[in-house]
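These notes are about the structure you will find just below.
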2 protein chains.
Amino acid sequence: MIILKLGGGLLTDKEEEFSLKEDVLERVAGEIKEGARGEIIIVHGGGSFGHPLAKRYALQDGFKDERQLEGVVRTRAAMEEFNRAVVDALLGAGLRAVGLQPSACITCRGREIDRFETAGLEGFLKLGIIPVLYGDVVVDDKLGFCILSGDRIIARLAGVLGPERIILGVDVDGVFTGDPKRGEGSLVEEVNPGNLPHLLDNLGALDNDVTGGMKGKVLELAALAHEGHGSQIVNAAVPGRLKKALLGEAVKGTWIAPGNYEGVF
Amino acid sequence: MIILKLGGGLLTDKEEEFSLKEDVLERVAGEIKEGARGEIIIVHGGGSFGHPLAKRYALQDGFKDERQLEGVVRTRAAMEEFNRAVVDALLGAGLRAVGLQPSACITCRGREIDRFETAGLEGFLKLGIIPVLYGDVVVDDKLGFCILSGDRIIARLAGVLGPERIILGVDVDGVFTGDPKRGEGSLVEEVNPGNLPHLLDNLGALDNDVTGGMKGKVLELAALAHEGHGSQIVNAAVPGRLKKALLGEAVKGTWIAPGNYEGVF
């Protein structure tokens, strides 16, 4: 089994609300069709469908006042629209895929996943159908609701399902020591318990995103690596690279190596 | 709490695939806005989005061959599109609603609901948000997949959540002794353990529908009535009637009376 995360920034233009990169999505769907063997679960981020709304209504803070509920229902609707587009692209590429709504099967408690009913998801997998999940606004027993990132979903799924591989398709070459979009820093080919602390210091100064950006991503992946699940970050915006990664061929990117990360966070 | 079922035949033209009755949907959403007080859960049927596809791919038989999987993913996509339209109409009427995917939180075993994770649904209710579920194709531990009707979902929800009232909005005045669409038979104002056996004989000869039509509906509702949950079938195609029913006013329709239905089925 492969768990594939597709970054929101890969599939949407983060500068413009509800802007799908249709050409990228279509190509990525084609590469999944060509590269995927066996069971695969796809999780995509919120991109410009989820993040601007979530930020505007301060959904990451949980329930503070009634007006945020407008943001909850609008964010859910927008994420469903985004998910529909991703599933449609996969169907268009000749794959069998179904959307799978996180807020229907997951609840949190203090932003941590509390309950996750995976029976439906596992059943679709067994049928040879690709479940497609996404970052979503979900019910939180303590906060009322919270934002659950796609990265957190894959971390939990990895723990429950024990995939052979975890691949994160994003729009940069991997983890950098600076901001790659400004041409700063160099690619980190491997993250491990030795270099993570220094990296986190660098990343902390960089991005700002409701779900934590690259720092949040690396922290989630390091926690996963601590549990024995290594993961691979690749630039899916470069044609052919995601397909190669899916086929198990060597590609440029960052490998988050399994290891003992205790005390590193 | 009110559980409201909206029939697929009420909201779509069953003769034409994927045909939404937009005017009816908009009016119904408005009546819900005007009539609903307190917590409400909405469940809608498949109508011409779900039934023709489910029939074409024989989804009610469960997994028989690979080609049906095309039907599974297409039915799921079509039902999401239908659900999206229903949720959008509710939002348009000024209500707060979110779609809630049955196949993400429910699995069956031999067509009976086996697991139903309701934590997300209950959390949305507590926030004052209306969860909108629907008849769906769901994973079945024995059959691979099966069709789960909206009627079966409300039956289970009623058992778990104990609503004050259950209302079924359809496009006929209620249960008839004949086919009301052909002007046959008379309206049955109350279904009870005394008149049910004779009614079932009549209904059995009438309709043919992947989810069992009116006979299936009455059987589900009688099982529910046996558990102490009475329900009300009203004609939501007649302007104003659904609103009155929601407000608790007397309206034309069929009341499925609570009682001991043992041995009747």
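Note on naming: chains are A, B, ... as they come in the structure tokens, residues start from 1 per chain, ligands start from 1 in the order shown.
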Using only C-alpha atoms, find each residue of chain A with at least one atom at most 9 Å away from an atom of chain B; report its shortest atom-to-atom pair and that distance in Å (one decimal), sort the rows by chain and rising residue number, and return the result as CSV.
residue,atom,partner,partner_atom,distance
A:Phe63,CA,B:Leu127,CA,8.8
A:Glu66,CA,B:Leu127,CA,8.9
A:Leu69,CA,B:Arg96,CA,7.5
A:Glu70,CA,B:Arg96,CA,7.0
A:Val72,CA,B:Val98,CA,8.6
A:Val73,CA,B:Val98,CA,5.8
A:Arg74,CA,B:Val98,CA,8.6
A:Arg76,CA,B:Val98,CA,6.8
A:Ala77,CA,B:Val98,CA,7.2
A:Glu80,CA,B:Arg84,CA,8.3
A:Glu81,CA,B:Arg84,CA,8.6
A:Arg84,CA,B:Ala77,CA,7.8
A:Val87,CA,B:Ala77,CA,8.4
A:Asp88,CA,B:Ala77,CA,8.3
A:Leu91,CA,B:Val73,CA,8.4
A:Arg96,CA,B:Val73,CA,6.5
A:Ala97,CA,B:Val73,CA,6.2
A:Val98,CA,B:Val73,CA,5.8
A:Gly99,CA,B:Ala77,CA,7.9
A:Leu100,CA,B:Ala104,CA,5.6
A:Gln101,CA,B:Ala104,CA,6.0
A:Pro102,CA,B:Ala104,CA,7.6
A:Ser103,CA,B:Gly120,CA,6.1
A:Ala104,CA,B:Gly120,CA,5.5
A:Cys105,CA,B:Cys105,CA,4.9
A:Ile106,CA,B:Gly120,CA,6.5
A:Thr107,CA,B:Gly120,CA,5.8
A:Arg115,CA,B:Ala119,CA,8.0
A:Phe116,CA,B:Glu117,CA,8.6
A:Glu117,CA,B:Cys105,CA,6.4
A:Thr118,CA,B:Ala104,CA,8.0
A:Ala119,CA,B:Thr107,CA,6.7
A:Gly120,CA,B:Ala104,CA,5.5
A:Leu121,CA,B:Ala104,CA,6.8
A:Glu122,CA,B:Val139,CA,8.8
A:Gly123,CA,B:Val139,CA,5.5
A:Phe124,CA,B:Val139,CA,6.6
A:Lys126,CA,B:Gly144,CA,8.5
A:Leu127,CA,B:Gly144,CA,7.0
A:Gly128,CA,B:Leu69,CA,8.5
A:Ile129,CA,B:Leu69,CA,7.8
A:Val138,CA,B:Gly120,CA,7.2
A:Val139,CA,B:Gly123,CA,5.6
A:Asp140,CA,B:Gly123,CA,7.6
A:Asp141,CA,B:Gly123,CA,7.5
A:Gly144,CA,B:Leu127,CA,7.0
A:Phe145,CA,B:Gly123,CA,8.3
Which residue out of A:Asn260, A:Thr254, A:Ser149, A:Asn235 has the minimum interatomic distance to Leu10 in chain A when only C-alpha atoms are used?
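Looking at the shortest contact to Leu10 in chain A, the residue is A:Asn235.
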Atomic distance CA of Gln60 in chain A - CA of Val160 in chain A, expressed in Å with one decimal:
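Computing the Euclidean distance for CA of Gln60 in chain A and CA of Val160 in chain A yields 25.3 Å.
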Pick out the residues sitting within 12 Å of Ala237 in chain B, and hand them over as a count of residues only; count only C-alpha atoms, and ignore anything fewer than 3 positions along from it in its own chain.
28
Quick one: residues within 12 Å of Pro197 in chain B, only C-alpha atoms counted, chain neighbours fewer than 5 positions away excluded, as a ChimeraX atom specification?
/B:177,191-192,202-204,215,218-219,222,261-265
Written selection (all heavy atoms) as a CSV table (one decimal), in the first residue's frame:
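Final file, result.csv:
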chain,number,residue,atom,x,y,z
B,177,THR,N,-53.9,2.6,-0.7
B,177,THR,CA,-54.2,1.2,-0.8
B,177,THR,C,-54.0,0.8,-2.3
B,177,THR,O,-54.1,-0.4,-2.6
B,177,THR,CB,-55.7,0.9,-0.5
B,177,THR,OG1,-56.5,1.8,-1.2
B,177,THR,CG2,-55.9,1.2,1.0
B,191,VAL,N,-51.1,3.9,9.7
B,191,VAL,CA,-50.6,2.5,9.6
B,191,VAL,C,-50.4,2.0,11.0
B,191,VAL,O,-49.8,2.6,11.8
B,191,VAL,CB,-49.3,2.4,8.7
B,191,VAL,CG1,-48.7,1.0,8.8
B,191,VAL,CG2,-49.5,2.8,7.3
B,192,ASN,N,-50.9,0.8,11.3
B,192,ASN,CA,-50.8,0.2,12.6
B,192,ASN,C,-50.7,-1.3,12.5
B,192,ASN,O,-50.8,-1.8,11.4
B,192,ASN,CB,-51.9,0.7,13.5
B,192,ASN,CG,-53.3,0.4,12.9
B,192,ASN,OD1,-53.5,-0.8,12.5
B,192,ASN,ND2,-54.1,1.4,12.9
B,202,ASN,N,-51.0,-5.3,-0.7
B,202,ASN,CA,-51.3,-4.4,-1.8
B,202,ASN,C,-50.1,-3.7,-2.4
B,202,ASN,O,-49.9,-3.7,-3.6
B,202,ASN,CB,-52.2,-3.2,-1.3
B,202,ASN,CG,-53.7,-3.7,-1.1
B,202,ASN,OD1,-54.1,-4.7,-1.7
B,202,ASN,ND2,-54.4,-3.0,-0.3
B,203,LEU,N,-49.2,-3.2,-1.5
B,203,LEU,CA,-48.0,-2.5,-1.9
B,203,LEU,C,-47.1,-3.4,-2.6
B,203,LEU,O,-46.4,-3.0,-3.5
B,203,LEU,CB,-47.3,-1.9,-0.7
B,203,LEU,CG,-48.1,-0.8,0.0
B,203,LEU,CD1,-47.4,-0.4,1.3
B,203,LEU,CD2,-48.2,0.5,-0.9
B,204,GLY,N,-47.0,-4.7,-2.2
B,204,GLY,CA,-46.1,-5.6,-2.8
B,204,GLY,C,-46.2,-5.7,-4.3
B,204,GLY,O,-45.3,-5.9,-5.1
B,215,LYS,N,-43.2,0.0,-0.4
B,215,LYS,CA,-43.3,-1.1,0.5
B,215,LYS,C,-42.1,-1.2,1.4
B,215,LYS,O,-42.2,-1.4,2.6
B,215,LYS,CB,-43.4,-2.4,-0.4
B,215,LYS,CG,-43.6,-3.6,0.5
B,215,LYS,CD,-43.7,-4.9,-0.3
B,215,LYS,CE,-43.8,-6.1,0.7
B,215,LYS,NZ,-43.9,-7.4,-0.1
B,218,VAL,N,-42.4,1.5,4.0
B,218,VAL,CA,-43.4,1.2,5.1
B,218,VAL,C,-42.8,0.1,6.0
B,218,VAL,O,-42.9,0.2,7.2
B,218,VAL,CB,-44.7,0.8,4.5
B,218,VAL,CG1,-45.6,0.2,5.6
B,218,VAL,CG2,-45.4,1.9,3.8
B,219,LEU,N,-42.1,-0.8,5.4
B,219,LEU,CA,-41.5,-1.9,6.3
B,219,LEU,C,-40.4,-1.3,7.2
B,219,LEU,O,-40.4,-1.6,8.4
B,219,LEU,CB,-40.8,-2.9,5.4
B,219,LEU,CG,-41.8,-4.0,4.9
B,219,LEU,CD1,-41.1,-4.9,3.8
B,219,LEU,CD2,-42.3,-4.9,6.0
B,222,ALA,N,-42.3,0.7,9.8
B,222,ALA,CA,-43.0,-0.2,10.8
B,222,ALA,C,-42.0,-0.8,11.8
B,222,ALA,O,-42.3,-0.8,13.0
B,222,ALA,CB,-43.8,-1.3,10.1
B,261,TYR,N,-45.5,-4.6,16.4
B,261,TYR,CA,-45.7,-5.1,15.1
B,261,TYR,C,-45.1,-6.5,15.0
B,261,TYR,O,-45.0,-7.0,13.9
B,261,TYR,CB,-45.0,-4.2,14.1
B,261,TYR,CG,-45.7,-2.9,13.8
B,261,TYR,CD1,-45.6,-1.8,14.7
B,261,TYR,CD2,-46.4,-2.7,12.6
B,261,TYR,CE1,-46.2,-0.6,14.4
B,261,TYR,CE2,-47.1,-1.5,12.4
B,261,TYR,CZ,-47.0,-0.4,13.3
B,261,TYR,OH,-47.6,0.7,13.0
B,262,GLU,N,-44.8,-7.1,16.1
B,262,GLU,CA,-44.2,-8.4,16.1
B,262,GLU,C,-45.1,-9.4,15.4
B,262,GLU,O,-46.3,-9.5,15.6
B,262,GLU,CB,-44.0,-8.9,17.5
B,262,GLU,CG,-42.8,-10.0,17.6
B,262,GLU,CD,-42.2,-10.0,18.9
B,262,GLU,OE1,-42.2,-9.0,19.6
B,262,GLU,OE2,-41.7,-11.1,19.3
B,263,GLY,N,-44.5,-10.2,14.5
B,263,GLY,CA,-45.3,-11.2,13.8
B,263,GLY,C,-46.0,-10.7,12.6
B,263,GLY,O,-46.6,-11.5,11.8
B,264,VAL,N,-46.0,-9.4,12.4
B,264,VAL,CA,-46.7,-8.8,11.3
B,264,VAL,C,-45.9,-8.8,10.0
B,264,VAL,O,-46.4,-9.0,8.9
B,264,VAL,CB,-47.0,-7.3,11.6
B,264,VAL,CG1,-47.5,-6.6,10.4
B,264,VAL,CG2,-48.1,-7.2,12.8
B,265,PHE,N,-44.6,-8.8,10.1
B,265,PHE,CA,-43.7,-8.7,8.9
B,265,PHE,C,-43.7,-10.1,8.2
B,265,PHE,O,-43.7,-11.1,8.7
B,265,PHE,CB,-42.3,-8.4,9.3
B,265,PHE,CG,-42.2,-7.1,10.1
B,265,PHE,CD1,-41.9,-7.0,11.4
B,265,PHE,CD2,-42.4,-5.9,9.4
B,265,PHE,CE1,-41.8,-5.8,12.1
B,265,PHE,CE2,-42.4,-4.7,10.1
B,265,PHE,CZ,-42.1,-4.6,11.4
Residue neighbourhood Arg109 in chain A, 8 Å, only C-alpha atoms, exclusion window fewer than 3 positions, as number ranges by chain
A: 112-114, 140-143
Near range 53-59 of chain A, within 7 Å and counting only C-alpha atoms, which residues show up once chain neighbours fewer than 2 positions away are dropped, as a ChimeraX atom specification?
/A:50-51,61-62,68,71,75,146-147,210
Include C-alpha atoms and write out the residues we just selected as a JSON list (two decimals), in the first residue's frame.
[["chain", "number", "residue", "atom", "x", "y", "z"],
["A", 50, "GLY", "CA", -9.61, 25.63, 2.28],
["A", 51, "HIS", "CA", -6.95, 27.97, 3.63],
["A", 61, "ASP", "CA", -8.94, 28.58, 17.01],
["A", 62, "GLY", "CA", -12.03, 26.37, 17.37],
["A", 68, "GLN", "CA", -17.54, 31.21, 12.53],
["A", 71, "GLY", "CA", -17.01, 29.61, 7.82],
["A", 75, "THR", "CA", -15.10, 25.60, 4.12],
["A", 146, "CYS", "CA", -10.93, 22.33, 14.29],
["A", 147, "ILE", "CA", -8.91, 22.24, 11.11],
["A", 210, "VAL", "CA", -3.18, 27.58, 8.92]]
Tell me, which residues of range 26-221 of chain A carry DSSP alpha helix (DSSP H), written as number ranges by chain?
A: 26-35, 47-56, 68-92, 102-105, 119-126, 150-161, 196-204, 213-221
Pick the closest to Ile32 in chain A from A:Val188, A:Ala93, A:Val238, A:Ala78: which is it, counting only C-alpha atoms?
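Nearest candidate to Ile32 in chain A out of A:Val188, A:Ala93, A:Val238, A:Ala78: A:Ala93.
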Using only C-alpha atoms, which protein or nucleic acid residues come within 12 Å of Leu246 in chain B? Drop anything in the same chain fewer than 5 positions from it, and give the result as a short mmCIF file (atom, residue, chain, number, x, y, z; two decimals) with N, CA, C and O atoms, in the first residue's frame.
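File produced: around-v2.cif:
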data_model
loop_
_atom_site.label_atom_id
_atom_site.label_comp_id
_atom_site.auth_asym_id
_atom_site.auth_seq_id
_atom_site.Cartn_x
_atom_site.Cartn_y
_atom_site.Cartn_z
N MET B 1 -35.25 16.98 18.61
CA MET B 1 -34.62 16.69 17.32
C MET B 1 -35.63 16.13 16.31
O MET B 1 -36.47 15.32 16.65
N ILE B 2 -35.52 16.62 15.06
CA ILE B 2 -36.36 16.08 13.99
C ILE B 2 -35.44 15.39 12.97
O ILE B 2 -34.38 15.93 12.63
N ILE B 3 -35.84 14.20 12.55
CA ILE B 3 -35.16 13.58 11.41
C ILE B 3 -36.10 13.74 10.22
O ILE B 3 -37.26 13.32 10.27
N LEU B 4 -35.60 14.40 9.19
CA LEU B 4 -36.41 14.66 8.00
C LEU B 4 -35.82 13.92 6.81
O LEU B 4 -34.67 14.11 6.45
N LYS B 5 -36.65 13.07 6.22
CA LYS B 5 -36.24 12.40 4.99
C LYS B 5 -36.89 13.12 3.81
O LYS B 5 -38.09 13.41 3.85
N VAL B 28 -38.64 23.71 -1.00
CA VAL B 28 -38.52 22.82 0.17
C VAL B 28 -37.49 23.37 1.16
O VAL B 28 -37.72 23.39 2.37
N GLY B 30 -36.69 26.43 1.58
CA GLY B 30 -37.32 27.59 2.22
C GLY B 30 -38.29 27.17 3.32
O GLY B 30 -38.34 27.78 4.39
N GLU B 31 -39.04 26.10 3.05
CA GLU B 31 -40.00 25.62 4.07
C GLU B 31 -39.28 25.05 5.29
O GLU B 31 -39.76 25.17 6.42
N ILE B 32 -38.14 24.43 5.05
CA ILE B 32 -37.35 23.90 6.18
C ILE B 32 -36.84 25.08 7.02
O ILE B 32 -36.92 25.06 8.24
N LYS B 33 -36.38 26.11 6.35
CA LYS B 33 -35.89 27.30 7.05
C LYS B 33 -37.02 27.89 7.92
O LYS B 33 -36.79 28.26 9.07
N GLU B 34 -38.23 27.93 7.36
CA GLU B 34 -39.34 28.55 8.08
C GLU B 34 -39.93 27.64 9.16
O GLU B 34 -40.46 28.12 10.16
N GLY B 35 -39.83 26.32 8.92
CA GLY B 35 -40.52 25.41 9.83
C GLY B 35 -39.66 24.74 10.88
O GLY B 35 -40.17 24.27 11.89
N ALA B 36 -38.35 24.69 10.64
CA ALA B 36 -37.50 23.91 11.54
C ALA B 36 -37.15 24.69 12.80
O ALA B 36 -36.76 25.84 12.74
N ARG B 37 -37.32 24.03 13.93
CA ARG B 37 -36.92 24.60 15.22
C ARG B 37 -36.01 23.56 15.88
O ARG B 37 -36.35 22.38 15.91
N GLY B 38 -34.92 23.98 16.43
CA GLY B 38 -34.04 23.04 17.12
C GLY B 38 -33.25 22.16 16.17
O GLY B 38 -33.13 22.45 14.98
N GLU B 39 -32.74 21.06 16.71
CA GLU B 39 -31.86 20.18 15.92
C GLU B 39 -32.62 19.47 14.81
O GLU B 39 -33.72 18.98 15.02
N ILE B 40 -32.01 19.39 13.66
CA ILE B 40 -32.62 18.66 12.55
C ILE B 40 -31.54 17.95 11.74
O ILE B 40 -30.45 18.48 11.52
N GLU B 164 -37.43 13.44 18.49
CA GLU B 164 -38.83 13.67 18.89
C GLU B 164 -39.76 13.28 17.74
O GLU B 164 -40.82 12.73 17.95
N ARG B 165 -39.35 13.63 16.52
CA ARG B 165 -40.21 13.34 15.38
C ARG B 165 -39.42 12.90 14.17
O ARG B 165 -38.26 13.28 13.98
N ILE B 166 -40.11 12.09 13.33
CA ILE B 166 -39.54 11.64 12.08
C ILE B 166 -40.54 12.00 10.99
O ILE B 166 -41.70 11.58 11.04
N ILE B 167 -40.08 12.79 10.03
CA ILE B 167 -40.98 13.23 8.95
C ILE B 167 -40.40 12.79 7.62
O ILE B 167 -39.20 12.96 7.37
N LEU B 168 -41.24 12.22 6.78
CA LEU B 168 -40.80 11.83 5.44
C LEU B 168 -41.53 12.67 4.40
O LEU B 168 -42.75 12.53 4.25
N GLY B 169 -40.80 13.52 3.73
CA GLY B 169 -41.40 14.34 2.68
C GLY B 169 -41.27 13.62 1.35
O GLY B 169 -40.16 13.34 0.90
N GLN B 232 -44.14 10.21 10.21
CA GLN B 232 -45.20 10.89 9.48
C GLN B 232 -44.76 11.04 8.02
O GLN B 232 -43.70 11.58 7.75
N ILE B 233 -45.60 10.54 7.10
CA ILE B 233 -45.32 10.72 5.68
C ILE B 233 -46.19 11.86 5.17
O ILE B 233 -47.41 11.84 5.35
N VAL B 234 -45.56 12.88 4.58
CA VAL B 234 -46.35 14.00 4.06
C VAL B 234 -45.94 14.32 2.62
O VAL B 234 -44.83 14.00 2.19
N ALA B 236 -44.57 16.65 0.34
CA ALA B 236 -43.80 17.90 0.34
C ALA B 236 -43.84 18.57 -1.02
O ALA B 236 -43.31 19.67 -1.21
N GLY B 240 -46.27 24.35 1.25
CA GLY B 240 -46.72 24.66 2.60
C GLY B 240 -46.89 23.45 3.51
O GLY B 240 -46.88 23.60 4.74
N ARG B 241 -47.03 22.26 2.93
CA ARG B 241 -47.35 21.12 3.78
C ARG B 241 -46.15 20.69 4.64
O ARG B 241 -46.31 20.35 5.81
N VAL B 251 -51.47 18.02 9.35
CA VAL B 251 -51.50 18.04 7.88
C VAL B 251 -51.92 16.67 7.37
O VAL B 251 -51.80 15.65 8.05
#
Please report the interatomic distance between CA of Tyr134 in chain A and CA of Lys181 in chain A in Å with one decimal.
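Straight-line distance from CA of Tyr134 in chain A to CA of Lys181 in chain A works out to 24.5 Å.
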Would you please give, as an NGL selection string, all residues of range 43-123 of chain B that DSSP assigns to strand (DSSP E) based on the backbone?
:B and (43-44 or 97-99 or 106-109 or 112-116)
Take the residues just selected and output them with N, CA and C atoms as a PDB file, in the first residue's frame.
ATOM      1  N   VAL B  43     -31.992  13.595   5.537  1.00  0.00           N
ATOM      2  CA  VAL B  43     -31.492  12.463   4.750  1.00  0.00           C
ATOM      3  C   VAL B  43     -32.270  12.475   3.445  1.00  0.00           C
ATOM      4  N   HIS B  44     -31.568  12.463   2.317  1.00  0.00           N
ATOM      5  CA  HIS B  44     -32.327  12.406   1.065  1.00  0.00           C
ATOM      6  C   HIS B  44     -32.057  11.119   0.306  1.00  0.00           C
ATOM      7  N   ALA B  97     -25.764  24.108   6.903  1.00  0.00           N
ATOM      8  CA  ALA B  97     -25.835  22.674   6.618  1.00  0.00           C
ATOM      9  C   ALA B  97     -24.512  22.175   6.074  1.00  0.00           C
ATOM     10  N   VAL B  98     -24.199  20.923   6.362  1.00  0.00           N
ATOM     11  CA  VAL B  98     -23.023  20.275   5.756  1.00  0.00           C
ATOM     12  C   VAL B  98     -23.438  18.910   5.216  1.00  0.00           C
ATOM     13  N   GLY B  99     -22.889  18.538   4.082  1.00  0.00           N
ATOM     14  CA  GLY B  99     -23.076  17.192   3.574  1.00  0.00           C
ATOM     15  C   GLY B  99     -22.370  16.219   4.497  1.00  0.00           C
ATOM     16  N   ILE B 106     -20.328   4.665   7.482  1.00  0.00           N
ATOM     17  CA  ILE B 106     -21.183   3.479   7.652  1.00  0.00           C
ATOM     18  C   ILE B 106     -20.637   2.318   6.837  1.00  0.00           C
ATOM     19  N   THR B 107     -20.617   1.134   7.424  1.00  0.00           N
ATOM     20  CA  THR B 107     -20.415  -0.075   6.626  1.00  0.00           C
ATOM     21  C   THR B 107     -21.531  -1.061   6.981  1.00  0.00           C
ATOM     22  N   CYS B 108     -21.835  -1.942   6.033  1.00  0.00           N
ATOM     23  CA  CYS B 108     -22.905  -2.926   6.216  1.00  0.00           C
ATOM     24  C   CYS B 108     -22.338  -4.338   6.273  1.00  0.00           C
ATOM     25  N   ARG B 109     -23.194  -5.257   6.680  1.00  0.00           N
ATOM     26  CA  ARG B 109     -22.869  -6.684   6.659  1.00  0.00           C
ATOM     27  C   ARG B 109     -24.146  -7.376   6.200  1.00  0.00           C
ATOM     28  N   GLU B 112     -27.342  -5.079   6.075  1.00  0.00           N
ATOM     29  CA  GLU B 112     -27.748  -4.448   7.325  1.00  0.00           C
ATOM     30  C   GLU B 112     -26.608  -3.553   7.806  1.00  0.00           C
ATOM     31  N   ILE B 113     -26.947  -2.408   8.370  1.00  0.00           N
ATOM     32  CA  ILE B 113     -25.904  -1.522   8.883  1.00  0.00           C
ATOM     33  C   ILE B 113     -25.139  -2.232   9.994  1.00  0.00           C
ATOM     34  N   ASP B 114     -23.825  -2.304   9.843  1.00  0.00           N
ATOM     35  CA  ASP B 114     -22.980  -2.962  10.830  1.00  0.00           C
ATOM     36  C   ASP B 114     -22.321  -1.900  11.716  1.00  0.00           C
ATOM     37  N   ARG B 115     -21.531  -1.022  11.114  1.00  0.00           N
ATOM     38  CA  ARG B 115     -20.872   0.055  11.868  1.00  0.00           C
ATOM     39  C   ARG B 115     -21.410   1.401  11.383  1.00  0.00           C
ATOM     40  N   PHE B 116     -21.667   2.289  12.311  1.00  0.00           N
ATOM     41  CA  PHE B 116     -22.129   3.633  11.966  1.00  0.00           C
ATOM     42  C   PHE B 116     -21.477   4.586  12.964  1.00  0.00           C
TER      43      PHE B 116
END
Of the residues A:Ile41, A:Ala225, A:Met214, A:Leu157, which is the one nearest to Trp255 in chain A, using only C-alpha atoms?
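Of A:Ile41, A:Ala225, A:Met214, A:Leu157, the one nearest Trp255 in chain A is A:Ala225, counting only C-alpha atoms.
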